[in-house]
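Structure first, then comments.
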Number of protein chains: 2
Amino acid sequence: MVKSTLAGGTLVKSFSATALEYFPLVREGDDLASMIVDVGLENGLRLEDGDIVAVAQKAISKAEGRMVKPEQTRASARARELSAAVGKSAELVELVLGETRRVLKASHEILLVEDKHGLVCINAGIDRSNVEGADELALLPANPYESAEKCRVRIKELTGKRVGVIVCDTYSRPFRRAQVNFAIGYAGIRPYRDYRGKKDLFGRVLKVKNIAVVDEIAASAELLMGQGAEGRPVVILRGLREVVDDSELGAVEGLYMSKEEDLFRGAL
Amino acid sequence: MVKSTLAGGTLVKSFSATALEYFPLVREGDDLASMIVDVGLENGLRLEDGDIVAVAQKAISKAEGRMVKPEQTRASARARELSAAVGKSAELVELVLGETRRVLKASHEILLVEDKHGLVCINAGIDRSNVEGADELALLPANPYESAEKCRVRIKELTGKRVGVIVCDTYSRPFRRAQVNFAIGYAGIRPYRDYRGKKDLFGRVLKVKNIAVVDEIAASAELLMGQGAEGRPVVILRGLREVVDDSELGAVEGLYMSKEEDLFRGAL
């Protein structure tokens, strides 16, 4: 691996991404980290220091027992009221509200919320794709940062290797067509490559550049995961160890901006 | 390469991304495609059918002579008026307006516009980072789709290989911290992996999933490009040939949504 010293740190010349195939269906209570290690070996991939493990949110939610049945949910008065406005069942709306800090937009087209962690997404990320039970839905992990950290620590315990972990999911975005994969939690990773105050090719100081590598890695992983019947919830990225850093434990930097910080406010 | 048949088409198990090092500074009139082929060979990388060539916008803009000097720009009355509102020079504002279809937000914090191609971005993507002349700015390519297609055709001419080309640049986004790399033009690529109407793991039909792989590939490439003094405007991705397709020539699907289509409208 050729490396060179750079404004934003050391940047590798190449990386590879590999999906773990034949990943078993994940059930509540499964030791997902252990499955990742084992299925990795079955795929001929032994985890190394500096690897990044990208895990689809749905696999984490299943292992953590975040499956719910709307029929067993009791809708509040607020959920029933909102239900009419959005044209969804009061039970689904109740489940969404249970994960929500703030409703941003509620119409027949979209129920857009800011979830408990600050993630802005449709239906608080609740959906039924790749969920086994016909009447079940999957909530996002209760705390995706903690899920990532738990997975990172357990992988270290099992293998002795320092890896980074990213929990990811696909979301719609403003302005641009279709969805991409974003990070919703991470551990053992520096999420941003910050160039602010560093210099460009010609020595000019960069004022704004701060790159969300954590989202770029999530996006890379999705290219192999797929979203349909692929059954590939885990992708291992090798060659990006520059961003792996377990010294920042606990110093989780938020992925999201408050409305006040968001310069796009009022522009949509 | 292990492949399997999937809901959204054929999905590979792994891919690699490699940055071309020692890329010369690009000058107006340079044959960028030829440089990519040659520097690739110097890096030990011979382009193959199915490779994707991700090129930083700045390199294209330089080759196409899209450098401008604000001091040689004559500001219109509208630019002078807006200049006061945003606290930027009337000449810079004039340059921005020249690339703009619609101003979305103009404040001292941000001049957010929709450019001629529908790209929503700050200052119409005009900046001075990695531009040689102290008093020069770089505009985005006049038509990034055409730039990509020109590069694709020229690479085929030089090597006989069918590659995809993505022109990319880093942008801020609503809701999420920091910037990521997005595609602003492409050629020889299917930009979306559309699952709508396909089935999930358990046979349930997916209604919404449509993945912007073109943006995910751009994001992957940025991990190696860097934004400072790296001097690495080109990244080659190998293993993603499922998305490379030069049969769709001319059928460029837009990357952006109109405000009417955008379900996020009014939410920020």
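Naming scheme: A, B, ... for chains in displayed order of the structure tokens; residues 1 onward per chain; ligands 1 onward as shown.
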Query raised in the report: Contacts of region 13-30 of chain A at 6 Å or less, counting only C-alpha atoms, minus same-chain residues fewer than 2 places along, as a ChimeraX atom specification?
Result: /A:2,32,62-65,224,234-239 /B:13-19
Selection to disk with all heavy atoms, as a short mmCIF file (atom, residue, chain, number, x, y, z; two decimals), in the first residue's frame:
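Wrote it out as again.cif, contents follow:
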data_model
loop_
_atom_site.label_atom_id
_atom_site.label_comp_id
_atom_site.auth_asym_id
_atom_site.auth_seq_id
_atom_site.Cartn_x
_atom_site.Cartn_y
_atom_site.Cartn_z
N VAL A 2 0.79 2.03 -1.06
CA VAL A 2 1.55 3.28 -1.12
C VAL A 2 0.82 4.36 -0.34
O VAL A 2 -0.37 4.55 -0.49
CB VAL A 2 1.70 3.74 -2.59
CG1 VAL A 2 2.55 5.00 -2.68
CG2 VAL A 2 2.28 2.64 -3.44
N LEU A 32 -24.14 -10.83 16.89
CA LEU A 32 -23.88 -10.40 15.51
C LEU A 32 -22.38 -10.30 15.23
O LEU A 32 -21.91 -10.68 14.16
CB LEU A 32 -24.57 -9.05 15.26
CG LEU A 32 -24.68 -8.58 13.82
CD1 LEU A 32 -25.40 -9.58 12.94
CD2 LEU A 32 -25.40 -7.23 13.76
N LYS A 62 -32.65 -6.48 14.14
CA LYS A 62 -33.13 -7.85 14.37
C LYS A 62 -32.43 -8.47 15.58
O LYS A 62 -33.08 -9.04 16.46
CB LYS A 62 -32.90 -8.71 13.13
CG LYS A 62 -33.83 -8.38 11.97
CD LYS A 62 -33.50 -9.26 10.75
CE LYS A 62 -34.44 -8.95 9.60
NZ LYS A 62 -34.10 -9.73 8.38
N ALA A 63 -31.11 -8.35 15.63
CA ALA A 63 -30.36 -8.94 16.75
C ALA A 63 -30.78 -8.32 18.07
O ALA A 63 -30.81 -8.99 19.11
CB ALA A 63 -28.86 -8.76 16.52
N GLU A 64 -31.13 -7.04 18.03
CA GLU A 64 -31.49 -6.33 19.26
C GLU A 64 -32.98 -6.43 19.58
O GLU A 64 -33.46 -5.76 20.51
CB GLU A 64 -31.06 -4.85 19.15
CG GLU A 64 -29.55 -4.71 19.07
CD GLU A 64 -29.08 -3.26 19.02
OE1 GLU A 64 -29.93 -2.35 18.92
OE2 GLU A 64 -27.85 -3.05 19.06
N GLY A 65 -33.70 -7.20 18.81
CA GLY A 65 -35.13 -7.38 19.10
C GLY A 65 -35.95 -6.13 18.91
O GLY A 65 -36.87 -5.85 19.68
N LEU A 224 -22.31 -2.97 -2.48
CA LEU A 224 -22.25 -4.43 -2.43
C LEU A 224 -23.39 -5.05 -1.63
O LEU A 224 -23.71 -6.22 -1.81
CB LEU A 224 -20.92 -4.86 -1.82
CG LEU A 224 -19.66 -4.34 -2.52
CD1 LEU A 224 -18.42 -4.80 -1.78
CD2 LEU A 224 -19.62 -4.81 -3.97
N VAL A 234 -23.48 -7.26 5.66
CA VAL A 234 -22.17 -6.85 6.17
C VAL A 234 -21.15 -6.73 5.04
O VAL A 234 -21.03 -7.64 4.21
CB VAL A 234 -21.65 -7.87 7.22
CG1 VAL A 234 -20.27 -7.46 7.72
CG2 VAL A 234 -22.62 -7.99 8.38
N VAL A 235 -20.46 -5.60 5.03
CA VAL A 235 -19.37 -5.37 4.06
C VAL A 235 -18.12 -4.98 4.84
O VAL A 235 -18.19 -4.17 5.78
CB VAL A 235 -19.76 -4.27 3.04
CG1 VAL A 235 -18.55 -3.83 2.22
CG2 VAL A 235 -20.87 -4.77 2.13
N ILE A 236 -17.00 -5.57 4.46
CA ILE A 236 -15.72 -5.25 5.10
C ILE A 236 -14.90 -4.38 4.15
O ILE A 236 -14.68 -4.77 3.00
CB ILE A 236 -14.91 -6.53 5.43
CG1 ILE A 236 -15.78 -7.58 6.13
CG2 ILE A 236 -13.66 -6.18 6.23
CD1 ILE A 236 -16.28 -7.20 7.48
N LEU A 237 -14.45 -3.24 4.65
CA LEU A 237 -13.61 -2.35 3.85
C LEU A 237 -12.18 -2.42 4.37
O LEU A 237 -11.96 -2.30 5.59
CB LEU A 237 -14.13 -0.92 3.90
CG LEU A 237 -15.55 -0.81 3.32
CD1 LEU A 237 -16.56 -0.58 4.42
CD2 LEU A 237 -15.63 0.28 2.28
N ARG A 238 -11.27 -2.64 3.48
CA ARG A 238 -9.86 -2.80 3.87
C ARG A 238 -9.01 -1.78 3.13
O ARG A 238 -9.15 -1.63 1.92
CB ARG A 238 -9.40 -4.22 3.54
CG ARG A 238 -7.96 -4.52 3.93
CD ARG A 238 -7.71 -6.01 4.02
NE ARG A 238 -8.42 -6.60 5.16
CZ ARG A 238 -8.49 -7.91 5.39
NH1 ARG A 238 -7.90 -8.77 4.55
NH2 ARG A 238 -9.14 -8.36 6.45
N GLY A 239 -8.16 -1.08 3.86
CA GLY A 239 -7.27 -0.12 3.22
C GLY A 239 -7.56 1.31 3.67
O GLY A 239 -6.90 2.24 3.25
N LYS B 13 -19.43 -9.19 -5.53
CA LYS B 13 -19.12 -9.43 -4.13
C LYS B 13 -18.07 -8.45 -3.62
O LYS B 13 -17.97 -8.18 -2.42
CB LYS B 13 -18.60 -10.86 -3.97
CG LYS B 13 -18.38 -11.25 -2.54
CD LYS B 13 -17.69 -12.57 -2.40
CE LYS B 13 -17.30 -12.77 -0.92
NZ LYS B 13 -16.55 -14.00 -0.72
N SER B 14 -17.22 -7.98 -4.50
CA SER B 14 -16.19 -7.05 -4.04
C SER B 14 -15.79 -6.08 -5.14
O SER B 14 -16.01 -6.35 -6.32
CB SER B 14 -14.96 -7.81 -3.55
OG SER B 14 -14.38 -8.51 -4.62
N PHE B 15 -15.27 -4.96 -4.73
CA PHE B 15 -14.70 -4.03 -5.70
C PHE B 15 -13.47 -3.37 -5.07
O PHE B 15 -13.27 -3.43 -3.85
CB PHE B 15 -15.72 -2.98 -6.17
CG PHE B 15 -16.04 -1.91 -5.16
CD1 PHE B 15 -15.30 -0.73 -5.11
CD2 PHE B 15 -17.08 -2.06 -4.26
CE1 PHE B 15 -15.60 0.28 -4.19
CE2 PHE B 15 -17.38 -1.07 -3.33
CZ PHE B 15 -16.64 0.10 -3.30
N SER B 16 -12.67 -2.78 -5.92
CA SER B 16 -11.52 -2.04 -5.42
C SER B 16 -11.54 -0.64 -6.01
O SER B 16 -12.13 -0.40 -7.07
CB SER B 16 -10.21 -2.74 -5.82
OG SER B 16 -10.07 -2.72 -7.23
N ALA B 17 -10.93 0.27 -5.29
CA ALA B 17 -10.81 1.65 -5.76
C ALA B 17 -9.35 2.04 -5.64
O ALA B 17 -8.71 1.76 -4.63
CB ALA B 17 -11.68 2.58 -4.91
N THR B 18 -8.81 2.65 -6.68
CA THR B 18 -7.40 3.02 -6.70
C THR B 18 -7.24 4.45 -7.21
O THR B 18 -7.77 4.79 -8.27
CB THR B 18 -6.59 2.08 -7.62
OG1 THR B 18 -6.80 0.73 -7.20
CG2 THR B 18 -5.10 2.40 -7.58
N ALA B 19 -6.54 5.26 -6.45
CA ALA B 19 -6.27 6.63 -6.89
C ALA B 19 -5.04 6.65 -7.79
O ALA B 19 -4.07 5.93 -7.53
CB ALA B 19 -6.01 7.53 -5.67
#
Just the residues within 8 Å of Thr73 (chain A), please, counting only C-alpha atoms, with nothing from its chain fewer than 5 positions along; format it as a CSV table (one decimal) with N, CA and C atoms, in the first residue's frame.
chain,number,residue,atom,x,y,z
A,91,GLU,N,-51.6,3.2,14.4
A,91,GLU,CA,-50.6,2.3,15.1
A,91,GLU,C,-49.2,2.6,14.5
A,94,GLU,N,-48.1,5.9,15.7
A,94,GLU,CA,-47.7,5.8,17.1
A,94,GLU,C,-46.3,5.3,17.2
A,95,LEU,N,-46.0,4.3,16.5
A,95,LEU,CA,-44.6,3.7,16.5
A,95,LEU,C,-43.6,4.8,16.0
Query - All strand (DSSP E) residues (DSSP, backbone) inside region 10-207 of chain B, as a PyMOL selection string - result: chain B and resi 10-12+14-19+52-56+67-68+100-106+111-115+120-122+137-138+164-172+179-187+193-194
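Here CA of Lys69 (chain A) and CA of Gly98 (chain A) stand 13.6 Å from one another.
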Requested in this report: Kindly determine which residues of chain A lie within 7 Å of chain B, considering only C-alpha atoms, and give the answer as a VMD selection string.
Outcome: chain A and resid 6 to 8 11 to 19 104 to 105 109 to 110 120 129 to 130 132 174 to 180 195 199 to 202 206 210 to 213 216 to 217 219 to 220 223 to 224 228 to 231 255 to 257 262 to 268
Go ahead and dump the residues you just picked, C-alpha atoms, as an mmCIF file, in the first residue's frame.
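And here's again37.cif as it stands now:
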data_model
loop_
_atom_site.group_PDB
_atom_site.id
_atom_site.type_symbol
_atom_site.label_atom_id
_atom_site.label_comp_id
_atom_site.auth_asym_id
_atom_site.auth_seq_id
_atom_site.Cartn_x
_atom_site.Cartn_y
_atom_site.Cartn_z
ATOM 1 C CA LEU A 6 -1.409 14.868 3.068
ATOM 2 C CA ALA A 7 -3.226 17.930 4.260
ATOM 3 C CA GLY A 8 -5.915 15.941 5.977
ATOM 4 C CA LEU A 11 -4.431 9.007 2.698
ATOM 5 C CA VAL A 12 -4.145 5.555 1.217
ATOM 6 C CA LYS A 13 -3.884 4.938 -2.503
ATOM 7 C CA SER A 14 -6.391 2.126 -2.699
ATOM 8 C CA PHE A 15 -8.981 0.220 -0.748
ATOM 9 C CA SER A 16 -11.157 -2.790 -1.296
ATOM 10 C CA ALA A 17 -14.674 -3.598 -0.180
ATOM 11 C CA THR A 18 -15.977 -7.147 0.177
ATOM 12 C CA ALA A 19 -19.486 -8.305 1.019
ATOM 13 C CA LEU A 104 -40.823 18.115 10.389
ATOM 14 C CA LYS A 105 -43.502 17.449 7.811
ATOM 15 C CA GLU A 109 -46.893 12.203 0.707
ATOM 16 C CA ILE A 110 -44.461 12.093 3.578
ATOM 17 C CA VAL A 120 -33.975 13.351 9.829
ATOM 18 C CA SER A 129 -38.415 -4.570 4.017
ATOM 19 C CA ASN A 130 -36.443 -7.755 4.696
ATOM 20 C CA GLU A 132 -39.695 -11.970 8.123
ATOM 21 C CA PRO A 174 -33.495 16.635 -0.457
ATOM 22 C CA PHE A 175 -32.766 17.873 -3.994
ATOM 23 C CA ARG A 176 -31.336 14.621 -5.393
ATOM 24 C CA ARG A 177 -33.122 11.605 -6.836
ATOM 25 C CA ALA A 178 -33.251 8.219 -5.131
ATOM 26 C CA GLN A 179 -31.633 7.044 -1.917
ATOM 27 C CA VAL A 180 -28.093 6.478 -0.684
ATOM 28 C CA TYR A 195 -9.215 20.205 6.073
ATOM 29 C CA LYS A 199 -3.603 23.994 2.667
ATOM 30 C CA ASP A 200 -4.554 23.153 -0.886
ATOM 31 C CA LEU A 201 -2.219 22.252 -3.785
ATOM 32 C CA PHE A 202 -1.081 25.856 -4.072
ATOM 33 C CA LEU A 206 -9.038 25.777 3.032
ATOM 34 C CA ASN A 210 -14.634 18.951 6.146
ATOM 35 C CA ILE A 211 -15.442 15.611 4.610
ATOM 36 C CA ALA A 212 -17.934 13.186 6.151
ATOM 37 C CA VAL A 213 -15.886 10.076 5.381
ATOM 38 C CA GLU A 216 -18.767 8.039 2.172
ATOM 39 C CA ILE A 217 -17.751 4.667 3.632
ATOM 40 C CA ALA A 219 -22.148 4.691 0.646
ATOM 41 C CA SER A 220 -19.268 2.503 -0.590
ATOM 42 C CA LEU A 223 -22.751 -0.811 -3.532
ATOM 43 C CA LEU A 224 -22.249 -4.428 -2.430
ATOM 44 C CA GLY A 228 -33.521 -6.559 -1.970
ATOM 45 C CA ALA A 229 -33.096 -10.298 -1.711
ATOM 46 C CA GLU A 230 -29.296 -10.170 -1.570
ATOM 47 C CA GLY A 231 -29.015 -11.093 2.104
ATOM 48 C CA LEU A 255 -23.688 13.099 12.675
ATOM 49 C CA TYR A 256 -26.511 15.588 12.483
ATOM 50 C CA MET A 257 -26.936 19.336 12.592
ATOM 51 C CA ASP A 262 -28.138 24.128 9.194
ATOM 52 C CA LEU A 263 -27.451 26.779 6.557
ATOM 53 C CA PHE A 264 -30.019 25.132 4.281
ATOM 54 C CA ARG A 265 -32.815 26.106 6.672
ATOM 55 C CA GLY A 266 -35.577 27.988 4.913
ATOM 56 C CA ALA A 267 -34.259 26.925 1.500
ATOM 57 C CA LEU A 268 -36.385 23.851 0.969
#
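Take CA of Ser61 (chain B) and CA of Arg46 (chain B): the distance between them is 24.8 Å.
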As a PDB file with N, CA and C atoms, in the first residue's frame, please: every residue in region 70-134 of chain A that DSSP puts in alpha helix (DSSP H).
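Saved result, selection-v1.pdb, follows:
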ATOM      1  N   ALA A  77     -53.899   9.661  21.279  1.00  0.00           N
ATOM      2  CA  ALA A  77     -54.794  10.613  20.611  1.00  0.00           C
ATOM      3  C   ALA A  77     -54.025  11.380  19.534  1.00  0.00           C
ATOM      4  N   ARG A  78     -52.791  11.745  19.841  1.00  0.00           N
ATOM      5  CA  ARG A  78     -51.982  12.503  18.877  1.00  0.00           C
ATOM      6  C   ARG A  78     -51.706  11.668  17.623  1.00  0.00           C
ATOM      7  N   ALA A  79     -51.429  10.384  17.840  1.00  0.00           N
ATOM      8  CA  ALA A  79     -51.166   9.486  16.706  1.00  0.00           C
ATOM      9  C   ALA A  79     -52.414   9.346  15.850  1.00  0.00           C
ATOM     10  N   ARG A  80     -53.570   9.258  16.485  1.00  0.00           N
ATOM     11  CA  ARG A  80     -54.808   9.111  15.719  1.00  0.00           C
ATOM     12  C   ARG A  80     -55.086  10.357  14.881  1.00  0.00           C
ATOM     13  N   GLU A  81     -54.801  11.508  15.489  1.00  0.00           N
ATOM     14  CA  GLU A  81     -55.005  12.768  14.787  1.00  0.00           C
ATOM     15  C   GLU A  81     -54.073  12.871  13.566  1.00  0.00           C
ATOM     16  N   LEU A  82     -52.785  12.579  13.804  1.00  0.00           N
ATOM     17  CA  LEU A  82     -51.783  12.654  12.738  1.00  0.00           C
ATOM     18  C   LEU A  82     -52.068  11.611  11.655  1.00  0.00           C
ATOM     19  N   SER A  83     -52.596  10.484  12.094  1.00  0.00           N
ATOM     20  CA  SER A  83     -52.929   9.383  11.190  1.00  0.00           C
ATOM     21  C   SER A  83     -53.826   9.853  10.041  1.00  0.00           C
ATOM     22  N   ALA A  84     -54.791  10.664  10.363  1.00  0.00           N
ATOM     23  CA  ALA A  84     -55.699  11.172   9.345  1.00  0.00           C
ATOM     24  C   ALA A  84     -54.961  12.096   8.372  1.00  0.00           C
ATOM     25  N   ALA A  85     -54.070  12.908   8.923  1.00  0.00           N
ATOM     26  CA  ALA A  85     -53.339  13.869   8.092  1.00  0.00           C
ATOM     27  C   ALA A  85     -52.385  13.186   7.119  1.00  0.00           C
ATOM     28  N   VAL A  86     -51.827  12.048   7.520  1.00  0.00           N
ATOM     29  CA  VAL A  86     -50.806  11.410   6.672  1.00  0.00           C
ATOM     30  C   VAL A  86     -51.333  10.184   5.925  1.00  0.00           C
ATOM     31  N   ALA A  90     -53.003   4.570  12.529  1.00  0.00           N
ATOM     32  CA  ALA A  90     -52.684   5.242  13.785  1.00  0.00           C
ATOM     33  C   ALA A  90     -51.612   4.473  14.540  1.00  0.00           C
ATOM     34  N   GLU A  91     -51.580   3.153  14.375  1.00  0.00           N
ATOM     35  CA  GLU A  91     -50.597   2.338  15.078  1.00  0.00           C
ATOM     36  C   GLU A  91     -49.182   2.590  14.522  1.00  0.00           C
ATOM     37  N   LEU A  92     -49.078   2.651  13.190  1.00  0.00           N
ATOM     38  CA  LEU A  92     -47.771   2.957  12.608  1.00  0.00           C
ATOM     39  C   LEU A  92     -47.317   4.348  13.046  1.00  0.00           C
ATOM     40  N   VAL A  93     -48.238   5.303  12.994  1.00  0.00           N
ATOM     41  CA  VAL A  93     -47.889   6.673  13.396  1.00  0.00           C
ATOM     42  C   VAL A  93     -47.441   6.690  14.867  1.00  0.00           C
ATOM     43  N   GLU A  94     -48.105   5.897  15.693  1.00  0.00           N
ATOM     44  CA  GLU A  94     -47.716   5.817  17.107  1.00  0.00           C
ATOM     45  C   GLU A  94     -46.271   5.311  17.235  1.00  0.00           C
ATOM     46  N   LEU A  95     -45.959   4.281  16.473  1.00  0.00           N
ATOM     47  CA  LEU A  95     -44.597   3.743  16.498  1.00  0.00           C
ATOM     48  C   LEU A  95     -43.581   4.794  16.045  1.00  0.00           C
ATOM     49  N   VAL A  96     -43.936   5.538  14.994  1.00  0.00           N
ATOM     50  CA  VAL A  96     -43.043   6.596  14.511  1.00  0.00           C
ATOM     51  C   VAL A  96     -42.845   7.645  15.602  1.00  0.00           C
ATOM     52  N   LEU A  97     -43.955   8.081  16.209  1.00  0.00           N
ATOM     53  CA  LEU A  97     -43.861   9.127  17.240  1.00  0.00           C
ATOM     54  C   LEU A  97     -43.022   8.663  18.425  1.00  0.00           C
ATOM     55  N   GLY A  98     -43.070   7.378  18.720  1.00  0.00           N
ATOM     56  CA  GLY A  98     -42.286   6.839  19.823  1.00  0.00           C
ATOM     57  C   GLY A  98     -40.786   6.961  19.614  1.00  0.00           C
TER      58      GLY A  98
END
